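Participant: So I've got this file, entry00.txt, and it contains compact mmCIF, C-alpha atoms:
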```
# COMPACT_ATOMS: atom_id res chain seq x y z
CA MET K 19 252.98 121.96 -11.85
CA ASN K 20 254.35 123.07 -8.50
CA VAL K 21 251.19 124.36 -6.86
CA ALA K 22 252.95 126.09 -3.94
CA GLU K 23 255.23 127.96 -6.31
CA TYR K 24 252.31 128.85 -8.53
CA ILE K 25 250.41 130.26 -5.56
CA SER K 26 253.38 132.23 -4.20
CA SER K 27 253.83 133.95 -7.56
CA GLY K 28 250.76 135.99 -6.61
CA ILE K 29 248.85 135.02 -9.74
CA LEU K 30 245.66 134.28 -7.79
CA GLU K 31 245.67 137.80 -6.31
CA ALA K 32 246.05 139.18 -9.82
CA TYR K 33 243.19 136.93 -10.96
CA ALA K 34 240.95 138.07 -8.09
CA LEU K 35 241.72 141.69 -8.91
CA GLY K 36 240.71 141.11 -12.52
CA GLU K 37 244.21 141.94 -13.72
CA LEU K 38 244.80 139.06 -16.08
CA THR K 39 244.42 139.02 -19.82
CA GLU K 40 241.74 136.81 -21.30
CA GLN K 41 244.33 134.15 -22.21
CA ASP K 42 245.96 134.11 -18.76
CA ARG K 43 242.54 133.98 -17.11
CA VAL K 44 241.56 130.86 -19.08
CA VAL K 45 244.83 129.18 -18.01
CA VAL K 46 244.15 130.01 -14.35
CA GLU K 47 240.56 128.78 -14.63
CA ASN K 48 241.75 125.48 -16.09
CA ASN K 49 244.27 125.13 -13.27
CA LEU K 50 241.57 125.94 -10.72
CA ALA K 51 239.41 123.15 -12.10
CA GLN K 52 242.36 120.78 -11.94
CA TYR K 53 243.86 121.57 -8.51
CA PRO K 54 241.47 121.79 -5.55
CA GLU K 55 244.17 123.42 -3.37
CA LEU K 56 244.27 126.30 -5.87
CA ARG K 57 240.54 126.76 -5.48
CA THR K 58 240.87 126.86 -1.70
CA GLU K 59 243.66 129.43 -1.88
CA LEU K 60 241.70 131.57 -4.36
CA LEU K 61 238.74 131.57 -2.01
CA ARG K 62 241.01 132.85 0.79
CA VAL K 63 242.35 135.63 -1.41
CA GLU K 64 238.85 136.60 -2.48
CA GLU K 65 237.65 136.71 1.11
CA VAL K 66 240.55 138.90 2.22
CA GLN K 67 239.91 141.19 -0.73
CA GLU K 68 236.21 141.37 0.10
CA ALA K 69 236.90 142.03 3.78
CA LEU K 70 239.40 144.76 2.92
CA LEU K 71 237.04 146.53 0.56
CA MET K 72 234.09 146.17 2.93
CA GLN K 73 236.31 147.81 5.48
CA ALA K 74 236.98 150.58 2.97
CA ALA K 75 233.34 150.94 2.02
CA ILE K 76 231.86 154.37 1.52
CA ALA K 77 228.08 154.59 1.63
CA PRO K 78 226.79 156.35 -1.45
CA ARG K 79 224.17 159.06 -1.01
CA LYS K 80 220.69 157.66 -0.42
CA ALA K 81 219.25 159.54 -3.42
CA LEU K 82 221.54 157.51 -5.65
CA LYS K 83 219.72 154.29 -4.87
CA GLU K 84 216.32 155.69 -5.78
CA ASN K 85 217.73 157.18 -8.93
CA LEU K 86 219.36 153.90 -9.89
CA PHE K 87 216.27 151.80 -9.32
CA GLN K 88 214.19 154.26 -11.30
CA LYS K 89 216.60 153.74 -14.16
CA ILE K 90 216.42 149.99 -13.76
CA GLU K 91 212.62 150.17 -13.75
CA ALA K 92 212.76 152.31 -16.89
CA GLN K 93 215.11 149.81 -18.50
CA LYS K 94 212.94 146.86 -17.69
CA PRO K 95 210.50 147.23 -20.57
CA GLU K 96 213.29 147.47 -23.14
CA THR K 97 215.91 145.09 -21.91
CA LYS K 98 214.15 142.80 -19.57
CA VAL K 99 210.85 142.35 -21.33
CA VAL K 100 212.13 139.41 -23.30
CA SER K 101 213.31 137.52 -20.30
CA LEU K 102 210.21 138.47 -18.32
CA GLN K 103 208.02 137.24 -21.13
CA ALA K 104 210.14 134.16 -21.28
CA ASP K 105 209.65 133.74 -17.56
CA GLN K 106 205.94 134.28 -17.92
CA SER K 107 205.55 131.87 -20.79
CA ASN K 108 207.78 129.56 -18.86
CA SER K 109 205.56 129.79 -15.79
CA ASN K 110 202.56 129.52 -18.11
CA PHE K 111 204.15 126.44 -19.53
CA TRP K 112 204.61 124.98 -16.06
CA ARG K 113 201.15 126.01 -15.05
CA PHE K 114 199.89 124.32 -18.18
CA ALA K 115 202.13 121.32 -17.59
CA VAL K 116 200.91 120.95 -14.02
CA ALA K 117 197.30 121.39 -15.08
CA ALA K 118 197.82 118.96 -17.93
CA SER K 119 199.45 116.34 -15.76
CA VAL K 120 196.77 116.70 -13.11
CA THR K 121 194.14 116.34 -15.82
CA ILE K 122 195.91 113.35 -17.29
CA ALA K 123 196.20 111.79 -13.85
CA LEU K 124 192.50 112.39 -13.22
CA ILE K 125 191.52 111.00 -16.61
CA ALA K 126 193.84 108.06 -16.17
CA SER K 127 192.49 107.20 -12.74
CA TYR K 128 188.94 107.67 -13.96
CA LEU K 129 189.64 105.40 -16.92
CA ALA K 130 191.38 102.92 -14.65
CA TYR K 131 188.36 102.97 -12.36
CA ASP K 132 186.01 102.84 -15.31
CA TYR K 133 187.84 99.99 -16.98
CA ARG K 134 188.10 98.11 -13.71
CA ASP K 135 184.40 98.68 -13.21
CA LYS K 136 183.66 97.51 -16.71
CA TRP K 137 186.02 94.60 -16.30
CA MET K 138 184.36 93.63 -13.03
CA ASN K 139 180.99 93.98 -14.72
CA SER K 140 182.00 91.90 -17.68
CA GLU K 141 183.59 89.41 -15.32
CA GLY K 142 180.26 89.23 -13.48
CA GLN K 143 178.39 89.07 -16.75
CA LEU K 144 180.66 86.30 -17.96
CA THR K 145 180.07 84.30 -14.79
CA GLN K 146 176.35 84.83 -15.23
CA LEU K 147 176.55 83.77 -18.86
CA ILE K 148 178.53 80.67 -18.01
CA ALA K 149 175.99 79.77 -15.33
CA GLN K 150 173.14 80.51 -17.70
CA ASN K 151 174.83 78.46 -20.35
CA GLN K 152 175.18 75.56 -17.94
CA ARG K 153 171.53 75.88 -16.97
CA VAL K 154 170.49 75.95 -20.60
CA ALA K 155 172.68 72.93 -21.26
CA GLU K 156 171.18 71.13 -18.29
CA ASP K 157 167.72 72.12 -19.38
CA TYR K 158 168.52 70.98 -22.84
CA ASN K 159 169.81 67.68 -21.50
CA GLN K 160 166.72 67.29 -19.40
CA VAL K 161 164.49 68.16 -22.30
CA ASN K 162 166.51 65.89 -24.46
CA GLN K 163 166.27 63.10 -21.95
CA ARG K 164 162.56 63.67 -21.61
CA LEU K 165 162.26 63.69 -25.34
CA ASP K 166 164.24 60.48 -25.54
CA LYS K 167 162.02 59.05 -22.84
CA ILE K 168 158.89 60.18 -24.60
CA GLU K 169 160.22 58.75 -27.86
CA SER K 170 161.05 55.44 -26.25
CA ASP K 171 157.72 55.47 -24.37
CA LEU K 172 156.01 56.23 -27.64
CA LYS K 173 157.71 53.25 -29.24
CA VAL K 174 156.26 51.10 -26.50
CA VAL K 175 152.84 52.69 -26.59
CA ASP K 176 152.77 52.72 -30.38
CA ASN K 177 154.11 49.19 -30.69
CA PRO K 178 151.36 46.69 -31.52
CA ASP K 179 153.39 43.96 -29.85
CA PHE K 180 152.65 45.60 -26.51
CA LYS K 181 149.32 44.93 -24.98
CA ARG K 182 147.91 47.74 -22.94
CA VAL K 183 146.36 46.56 -19.72
CA VAL K 184 144.15 49.15 -18.07
CA MET K 185 144.14 48.73 -14.30
CA LYS K 186 141.19 50.43 -12.67
CA GLY K 187 140.67 51.49 -9.09
CA THR K 188 139.33 49.02 -6.58
CA GLU K 189 136.59 49.73 -4.08
CA GLY K 190 139.11 51.16 -1.59
CA SER K 191 140.50 53.65 -4.21
CA PRO K 192 138.02 54.09 -7.04
CA GLU K 193 139.82 57.18 -8.50
CA SER K 194 143.07 55.32 -9.08
CA MET K 195 144.15 54.17 -12.49
CA ALA K 196 147.34 52.83 -14.11
CA TYR K 197 148.37 51.13 -17.33
CA VAL K 198 150.65 48.22 -18.00
CA TYR K 199 152.23 47.71 -21.43
CA TRP K 200 153.26 44.13 -21.80
CA ASN K 201 155.05 42.47 -24.69
CA GLU K 202 154.32 38.81 -24.22
CA SER K 203 156.99 37.61 -26.62
CA SER K 204 159.82 39.85 -25.35
CA LYS K 205 158.51 39.63 -21.74
CA GLU K 206 158.97 43.39 -21.33
CA VAL K 207 156.62 45.15 -18.94
CA TYR K 208 156.13 48.93 -18.68
CA LEU K 209 154.04 50.78 -16.15
CA SER K 210 152.32 54.12 -16.63
CA ILE K 211 150.54 55.88 -13.78
CA GLN K 212 147.37 57.71 -14.65
CA ASN K 213 146.26 58.51 -11.17
CA MET K 214 147.65 56.99 -7.98
CA ARG K 215 147.52 58.56 -4.54
CA GLU K 216 150.60 59.64 -2.68
CA LEU K 217 152.21 57.18 -0.29
CA SER K 218 154.13 57.60 2.94
CA LYS K 219 157.88 57.21 2.71
CA GLU K 220 157.79 53.81 4.34
CA ASN K 221 155.60 52.36 1.60
CA GLN K 222 155.85 51.68 -2.12
CA TYR K 223 153.56 50.40 -4.80
CA GLN K 224 154.22 46.88 -6.00
CA LEU K 225 153.09 45.48 -9.35
CA TRP K 226 151.95 41.90 -9.59
CA ALA K 227 151.24 39.73 -12.57
CA ILE K 228 148.64 37.03 -12.08
CA ILE K 229 149.80 33.89 -13.76
CA ASP K 230 147.85 30.77 -13.37
CA GLY K 231 145.94 32.36 -10.51
CA LYS K 232 149.10 33.15 -8.61
CA PRO K 233 150.64 36.64 -8.09
CA VAL K 234 154.14 37.08 -9.49
CA ASP K 235 156.27 40.03 -8.42
CA ALA K 236 156.81 42.51 -11.26
CA GLY K 237 158.74 45.16 -9.28
CA VAL K 238 158.11 48.20 -7.07
CA PHE K 239 157.55 51.85 -7.96
CA ASP K 240 156.80 55.24 -6.44
CA ASN K 241 153.84 57.31 -7.39
CA ASN K 242 155.89 60.25 -8.73
CA LEU K 243 157.10 58.73 -11.97
CA ALA K 244 156.51 60.36 -15.30
CA GLY K 245 155.99 58.39 -18.49
CA LEU K 246 156.68 54.70 -18.63
CA LEU K 247 158.61 52.76 -16.07
CA LYS K 248 160.19 49.50 -17.08
CA MET K 249 159.22 46.71 -14.68
CA LYS K 250 160.42 43.14 -14.21
CA ALA K 251 160.06 40.79 -17.12
CA ILE K 252 156.89 38.77 -17.16
CA GLY K 253 156.61 35.77 -19.47
CA ASN K 254 153.74 33.86 -20.92
CA GLY K 255 150.47 33.33 -19.25
CA ALA K 256 149.78 36.52 -17.38
CA ALA K 257 146.05 36.94 -17.18
CA ALA K 258 145.87 40.08 -15.09
CA PHE K 259 148.02 42.80 -13.44
CA ALA K 260 147.42 44.38 -10.06
CA VAL K 261 149.10 46.93 -7.77
CA THR K 262 149.23 46.68 -3.99
CA ILE K 263 150.71 48.94 -1.31
CA GLU K 264 153.60 47.24 0.40
CA PRO K 265 156.43 48.22 2.70
CA ARG K 266 159.31 49.92 0.83
CA GLY K 267 161.24 47.38 -1.25
CA GLY K 268 158.19 45.17 -1.71
CA LYS K 269 157.22 41.77 -0.41
CA ALA K 270 157.26 38.22 -1.75
CA SER K 271 153.46 37.93 -1.71
CA PRO K 272 150.91 40.70 -2.02
CA THR K 273 148.80 42.13 0.75
CA LEU K 274 145.44 41.79 -0.94
CA GLU K 275 143.66 44.25 1.34
CA THR K 276 145.81 47.07 -0.02
CA MET K 277 145.13 46.41 -3.68
CA GLN K 278 144.69 49.74 -5.43
CA VAL K 279 144.16 48.92 -9.07
CA VAL K 280 143.64 45.76 -11.09
CA GLY K 281 143.00 44.90 -14.75
CA ASN K 282 142.78 41.91 -16.93
CA VAL K 283 144.87 41.24 -19.95
CA VAL K 284 142.66 41.45 -23.00
CA LYS K 285 143.04 38.31 -25.02
CA GLY K 286 143.66 38.37 -28.71
CA MET U 21 219.05 143.38 -7.27
CA GLU U 22 218.17 145.52 -4.29
CA TYR U 23 219.91 142.94 -2.12
CA LEU U 24 223.05 143.32 -4.19
CA TYR U 25 222.87 147.08 -3.92
CA ASP U 26 222.29 147.12 -0.18
CA ASN U 27 225.13 144.70 0.47
CA TYR U 28 227.77 145.74 -1.98
CA SER U 29 227.17 149.35 -3.09
CA GLY U 30 229.26 150.70 -0.21
CA ALA U 31 232.29 148.57 -0.96
CA LEU U 32 232.05 149.21 -4.69
CA TYR U 33 231.48 152.92 -4.21
CA GLY U 34 234.54 152.98 -1.94
CA VAL U 35 236.63 151.54 -4.76
CA ILE U 36 235.10 153.76 -7.43
CA PHE U 37 235.29 156.95 -5.42
CA ARG U 38 238.92 156.41 -4.45
CA ILE U 39 239.84 155.88 -8.08
CA LEU U 40 237.85 158.82 -9.44
CA LYS U 41 238.00 161.26 -6.52
CA LYS U 42 234.96 163.22 -7.66
CA GLU U 43 231.65 162.48 -6.07
CA GLU U 44 229.42 163.23 -9.06
CA ILE U 45 231.55 161.14 -11.42
CA ALA U 46 231.83 158.32 -8.90
CA GLU U 47 228.07 158.28 -8.46
CA GLU U 48 227.56 158.17 -12.18
CA VAL U 49 229.97 155.26 -12.49
CA LEU U 50 228.36 153.40 -9.59
CA GLN U 51 225.03 153.68 -11.36
CA ASP U 52 226.56 152.49 -14.60
CA VAL U 53 228.15 149.59 -12.73
CA PHE U 54 224.85 148.47 -11.26
CA LEU U 55 223.06 148.85 -14.57
CA LYS U 56 225.77 146.71 -16.12
CA ILE U 57 225.46 144.13 -13.33
CA TRP U 58 221.69 144.14 -13.78
CA ASP U 59 222.08 143.69 -17.51
CA ARG U 60 224.75 140.99 -17.47
CA PHE U 61 223.96 139.11 -14.32
CA GLU U 62 223.51 135.89 -16.28
CA ASN U 63 227.20 136.14 -17.20
CA TYR U 64 228.24 135.60 -13.61
CA ASP U 65 229.75 132.12 -13.24
CA ALA U 66 230.05 130.95 -9.65
CA THR U 67 232.61 128.32 -10.61
CA LYS U 68 235.04 131.07 -11.58
CA GLY U 69 234.91 133.03 -8.35
CA LYS U 70 232.88 134.69 -5.63
CA LEU U 71 230.08 137.07 -6.48
CA PHE U 72 231.89 139.99 -4.87
CA THR U 73 234.97 139.33 -6.99
CA TRP U 74 232.84 139.59 -10.10
CA LEU U 75 231.16 142.78 -8.88
CA LEU U 76 234.52 144.28 -7.95
CA ASN U 77 236.00 143.49 -11.34
CA VAL U 78 233.07 145.15 -13.09
CA ALA U 79 233.31 148.22 -10.83
CA ARG U 80 237.07 148.54 -10.94
CA ASN U 81 237.24 148.16 -14.72
CA GLN U 82 234.42 150.65 -15.17
CA ALA U 83 236.15 153.16 -12.90
CA ILE U 84 239.54 152.69 -14.59
CA ASP U 85 237.90 153.09 -18.00
CA LYS U 86 236.48 156.37 -16.73
CA THR U 87 239.92 157.64 -15.71
CA ARG U 88 241.07 157.00 -19.27
CA SER U 89 238.18 158.93 -20.74
CA LYS U 90 238.39 162.63 -21.48
CA GLU U 91 236.54 163.62 -18.35
CA ILE U 92 239.45 162.70 -16.12
CA SER U 93 242.86 163.92 -17.08
CA LYS U 94 245.65 161.44 -16.97
CA ASP U 95 247.75 163.68 -14.70
CA GLN U 96 245.40 163.04 -11.80
CA LYS U 97 246.78 159.53 -11.69
CA THR U 98 250.37 160.63 -11.80
CA THR U 99 250.04 163.13 -9.01
CA PRO U 100 253.27 163.32 -7.06
CA ILE U 101 253.51 161.61 -3.71
CA GLU U 102 253.01 164.77 -1.65
CA LYS U 103 249.60 165.32 -3.23
CA VAL U 104 248.63 161.74 -2.47
CA VAL U 105 248.92 162.58 1.22
CA SER U 106 246.36 165.34 0.93
CA ARG U 107 244.16 162.98 -1.04
CA ILE U 108 244.29 160.46 1.75
CA ASP U 109 243.23 163.28 4.07
CA SER U 110 240.17 163.93 1.94
CA GLU U 111 239.47 160.18 1.92
CA GLU U 112 239.45 160.28 5.67
CA TYR U 113 236.79 162.93 5.49
CA ILE U 114 234.67 160.60 3.37
CA GLU U 115 235.34 157.62 5.61
CA GLN U 116 233.60 159.47 8.40
CA ARG U 117 230.43 158.39 6.67
CA ILE U 118 231.08 154.78 7.57
CA ASP U 119 231.46 153.32 11.01
CA GLY U 120 234.48 151.59 12.43
CA ILE U 121 238.13 151.88 11.71
CA GLY U 122 238.98 153.42 8.39
CA VAL U 123 240.88 151.43 5.83
CA THR U 124 243.98 153.52 6.50
CA GLU U 125 244.07 152.06 10.01
CA VAL U 126 244.01 148.60 8.58
CA LEU U 127 246.70 149.32 6.03
CA LYS U 128 249.07 150.54 8.74
CA VAL U 129 249.84 146.95 9.69
CA LEU U 130 251.47 146.47 6.30
CA SER U 131 255.05 147.30 5.41
CA THR U 132 255.44 150.52 3.43
CA ASP U 133 256.11 148.56 0.25
CA GLN U 134 253.02 146.40 0.72
CA GLN U 135 250.88 149.39 1.68
CA PHE U 136 251.99 151.18 -1.45
CA VAL U 137 251.03 148.28 -3.68
CA VAL U 138 247.61 147.73 -2.05
CA GLU U 139 246.75 151.41 -2.13
CA HIS U 140 247.65 151.81 -5.76
CA LEU U 141 245.97 148.64 -6.93
CA TYR U 142 242.76 148.84 -4.90
CA PHE U 143 242.26 152.52 -4.23
CA LYS U 144 244.05 154.45 -6.91
CA GLY U 145 243.03 152.54 -9.96
CA TYR U 146 246.44 151.35 -11.03
CA SER U 147 246.80 148.11 -12.88
CA GLN U 148 249.70 145.88 -11.90
CA SER U 149 251.55 146.58 -15.14
CA GLU U 150 251.01 150.37 -14.78
CA LEU U 151 252.37 150.22 -11.25
CA SER U 152 255.36 148.24 -12.48
CA GLU U 153 256.12 150.64 -15.30
CA GLU U 154 255.50 153.96 -13.57
CA PHE U 155 257.33 153.14 -10.35
CA ASP U 156 259.93 150.93 -11.92
CA ILE U 157 259.08 147.86 -9.89
CA PRO U 158 259.36 144.47 -11.64
CA LEU U 159 255.89 143.04 -12.36
CA GLY U 160 256.78 139.84 -10.47
CA THR U 161 257.66 141.92 -7.42
CA VAL U 162 254.34 143.76 -7.61
CA LYS U 163 252.56 140.43 -7.61
CA THR U 164 254.49 138.87 -4.75
CA ARG U 165 254.21 142.04 -2.65
CA LEU U 166 250.45 142.02 -3.15
CA ARG U 167 250.42 138.36 -2.16
CA LEU U 168 252.36 139.00 1.04
CA ALA U 169 250.13 142.00 1.79
CA MET U 170 247.00 139.89 1.37
CA GLN U 171 248.40 137.20 3.67
CA GLN U 172 249.06 139.85 6.33
CA LEU U 173 245.59 141.36 5.86
CA ARG U 174 244.08 137.94 6.19
CA ILE U 175 245.30 137.87 9.78
CA THR U 176 244.48 141.52 10.48
CA LEU U 177 240.95 141.30 9.07
CA GLY U 178 240.34 137.97 10.80
CA VAL U 179 239.43 136.04 7.68
CA THR U 180 239.20 132.48 8.94
CA THR U 181 238.95 130.38 5.82
```
Kindly present the structure from the file in structure tokens form.
Facilitator:
Amino acid sequence: MNVAEYISSGILEAYALGELTEQDRVVVENNLAQYPELRTELLRVEEVQEALLMQAAIAPRKALKENLFQKIEAQKPETKVVSLQADQSNSNFWRFAVAASVTIALIASYLAYDYRDKWMNSEGQLTQLIAQNQRVAEDYNQVNQRLDKIESDLKVVDNPDFKRVVMKGTEGSPESMAYVYWNESSKEVYLSIQNMRELSKENQYQLWAIIDGKPVDAGVFDNNLAGLLKMKAIGNGAAAFAVTIEPRGGKASPTLETMQVVGNVVKG
Amino acid sequence: MEYLYDNYSGALYGVIFRILKKEEIAEEVLQDVFLKIWDRFENYDATKGKLFTWLLNVARNQAIDKTRSKEISKDQKTTPIEKVVSRIDSEEYIEQRIDGIGVTEVLKVLSTDQQFVVEHLYFKGYSQSELSEEFDIPLGTVKTRLRLAMQQLRITLGVTT
């Protein structure tokens, strides 16, 4: 299409004046959509037309306006009610939508907070449970170990092969008492404290077996042991056991002045 | 709606009154036009033209329809030229209501042929085909004369687009 020719035919002026038939108008509208320069030219024509008719304006009587708007008001209930109601329900819808979305947002953030709170709580509870579980397991192990110890101690105590040697307090410590369980054939020696006083950190108790009148080292121990403590092996011929206080780690020969308890091996 | 009335009622009334010549009928038509605009405003499609163009088309069609109704006799349209002059005189009386230069001043810049076409199409309620038939001017000539007139008015009225 030759746009310049089309424009100079004056068809846009006819269009702006509302002169065209329905069919011709559709053709022009299609062309307008297709050719931007047609649109621009139409706008010019429309503006000239508007300016001309504004120039030619005649103000209607003022009463006419009032009259007209009274009529429009009167028409409103019949013709505009539907759209007004639609508007209202529409605005109601939006009001509802806004309220709903605010509510949803509030609920969602509350739930998020709540779930986070609960999650944090359960996280904390889980940590506590794990710790508790560990403690229980440790306790159980301890108890189990103690039980094992008691069982093994009991085997010693209950075993007729072990001779119990009761060591009583000497003059320097009459309250003290300790037992030795000695299996002569297996040479095993166990110590059990009944009552021994507390020592300074530098010192330890040392157990001696008296064999042929001579003290033989049977190992050192602290006064805080529970149950039986396995000492060094002592073979045949021990006539008595005694405990002295010695520097930590023990000595090769006992310091007799510090003897706390002593007891003879009962024959038979 | 009140905005539309305040801005465009004068221009539309100018068109309607010039076509119908009688104040009471013109007022009635102007009311009908605005009621129609009020009723069909959702029909306005900005992609098809300016708002004023749409308003003008409603007003002009309504006024032309009125001239074809029984209330206005056809002969008023076909008044001989000499009577048109007196009509323009009465228009000048009405134009005293508005400020500024009357539209007749503006139209003086046009050639007689162009002035004739603009007057008949915009202010006398002729359609292009009526103008062509009654004054024996080819329809194409009516269209091109209007186009040339509008181009001249564009300069005169200082439309800058």
Participant: Of the candidates U:Asp65, U:Asp59, U:Glu47, U:Glu125, which shows the shortest atom-to-atom distance to U:Ala83, using all atoms listed in the file?
Facilitator: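 Among U:Asp65, U:Asp59, U:Glu47, U:Glu125, it is U:Glu47 that comes nearest to U:Ala83.
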Participant: Could you jot down the atom CA of K:Gln160 to atom CA of K:Leu172 separation for me, Å, one decimal place?
Facilitator: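 According to the coordinates, atom CA of K:Gln160 and atom CA of K:Leu172 are separated by 17.5 Å.
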Participant: Please identify all polymer residues lying at most 8 Å from the point (229.3, 154.0, -11.4) (file coordinates), using all atoms listed in the file, and present the result as a PDB file with C-alpha atoms, keeping the file's coordinate frame.
Facilitator:
```
ATOM      1  CA  TYR U  33     231.480 152.920  -4.210  1.00  0.00           C
ATOM      2  CA  ILE U  36     235.100 153.760  -7.430  1.00  0.00           C
ATOM      3  CA  ILE U  45     231.550 161.140 -11.420  1.00  0.00           C
ATOM      4  CA  ALA U  46     231.830 158.320  -8.900  1.00  0.00           C
ATOM      5  CA  GLU U  47     228.070 158.280  -8.460  1.00  0.00           C
ATOM      6  CA  GLU U  48     227.560 158.170 -12.180  1.00  0.00           C
ATOM      7  CA  VAL U  49     229.970 155.260 -12.490  1.00  0.00           C
ATOM      8  CA  LEU U  50     228.360 153.400  -9.590  1.00  0.00           C
ATOM      9  CA  GLN U  51     225.030 153.680 -11.360  1.00  0.00           C
ATOM     10  CA  ASP U  52     226.560 152.490 -14.600  1.00  0.00           C
ATOM     11  CA  VAL U  53     228.150 149.590 -12.730  1.00  0.00           C
ATOM     12  CA  PHE U  54     224.850 148.470 -11.260  1.00  0.00           C
ATOM     13  CA  ALA U  79     233.310 148.220 -10.830  1.00  0.00           C
ATOM     14  CA  GLN U  82     234.420 150.650 -15.170  1.00  0.00           C
ATOM     15  CA  ALA U  83     236.150 153.160 -12.900  1.00  0.00           C
TER      16      ALA U  83
END
```
Participant: Please return, as a PDB file with C-alpha atoms, in the frame of the given file, all residues of chain U lying within 6 Å of chain K when all atoms listed in the file are considered.
Facilitator:
```
ATOM      1  CA  GLY U  30     229.260 150.700  -0.210  1.00  0.00           C
ATOM      2  CA  ALA U  31     232.290 148.570  -0.960  1.00  0.00           C
ATOM      3  CA  TYR U  33     231.480 152.920  -4.210  1.00  0.00           C
ATOM      4  CA  GLY U  34     234.540 152.980  -1.940  1.00  0.00           C
ATOM      5  CA  GLN U  51     225.030 153.680 -11.360  1.00  0.00           C
ATOM      6  CA  ASN U  77     236.000 143.490 -11.340  1.00  0.00           C
ATOM      7  CA  VAL U 123     240.880 151.430   5.830  1.00  0.00           C
ATOM      8  CA  LYS U 163     252.560 140.430  -7.610  1.00  0.00           C
ATOM      9  CA  THR U 164     254.490 138.870  -4.750  1.00  0.00           C
ATOM     10  CA  ARG U 167     250.420 138.360  -2.160  1.00  0.00           C
ATOM     11  CA  ARG U 174     244.080 137.940   6.190  1.00  0.00           C
ATOM     12  CA  THR U 181     238.950 130.380   5.820  1.00  0.00           C
TER      13      THR U 181
END
```
Participant: Calculate how many Å separate atom CA of K:Ile122 from atom CA of K:Asn139, rounding to one decimal.
Facilitator: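 Answer for the atom CA of K:Ile122 to atom CA of K:Asn139 separation: 24.6 Å.
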Participant: Using all atoms listed in the file, which residues sit within 10 Å of U:Tyr64 once same-chain residues fewer than 5 positions away are excluded, as a list in words?
Facilitator: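 Here the qualifying residues turn out to be Ile57, Gly69, Lys70, Leu71, Trp74 and Leu75 of chain U.
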Participant: Which value, in Å to one decimal, gives the distance between atom CA of K:Asn159 and atom CA of K:Gln212?
Facilitator: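 Going from atom CA of K:Asn159 over to atom CA of K:Gln212 covers 25.5 Å.
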Participant: Write out as a list in words each polymer residue whose atoms come within 9 Å of stretch 258-260 of chain K, counting only C-alpha atoms; drop sequence neighbours fewer than 4 positions from it.
Facilitator: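 Result of the neighbour search: Val183, Val184, Met185, Val198, Gln224, Leu225, Trp226, Ala227, Ile228, Ile229, Gly231, Pro233, Met277, Gln278, Val279, Val280, Gly281, Asn282, Val283 and Val284 of chain K.
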Participant: Determine the nearest neighbour of K:Ser203 from the options K:Gln41, K:Asn254, K:Gln152, K:Ser271, counting only C-alpha atoms.
Facilitator: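 The answer is K:Asn254, which sits nearest to K:Ser203.
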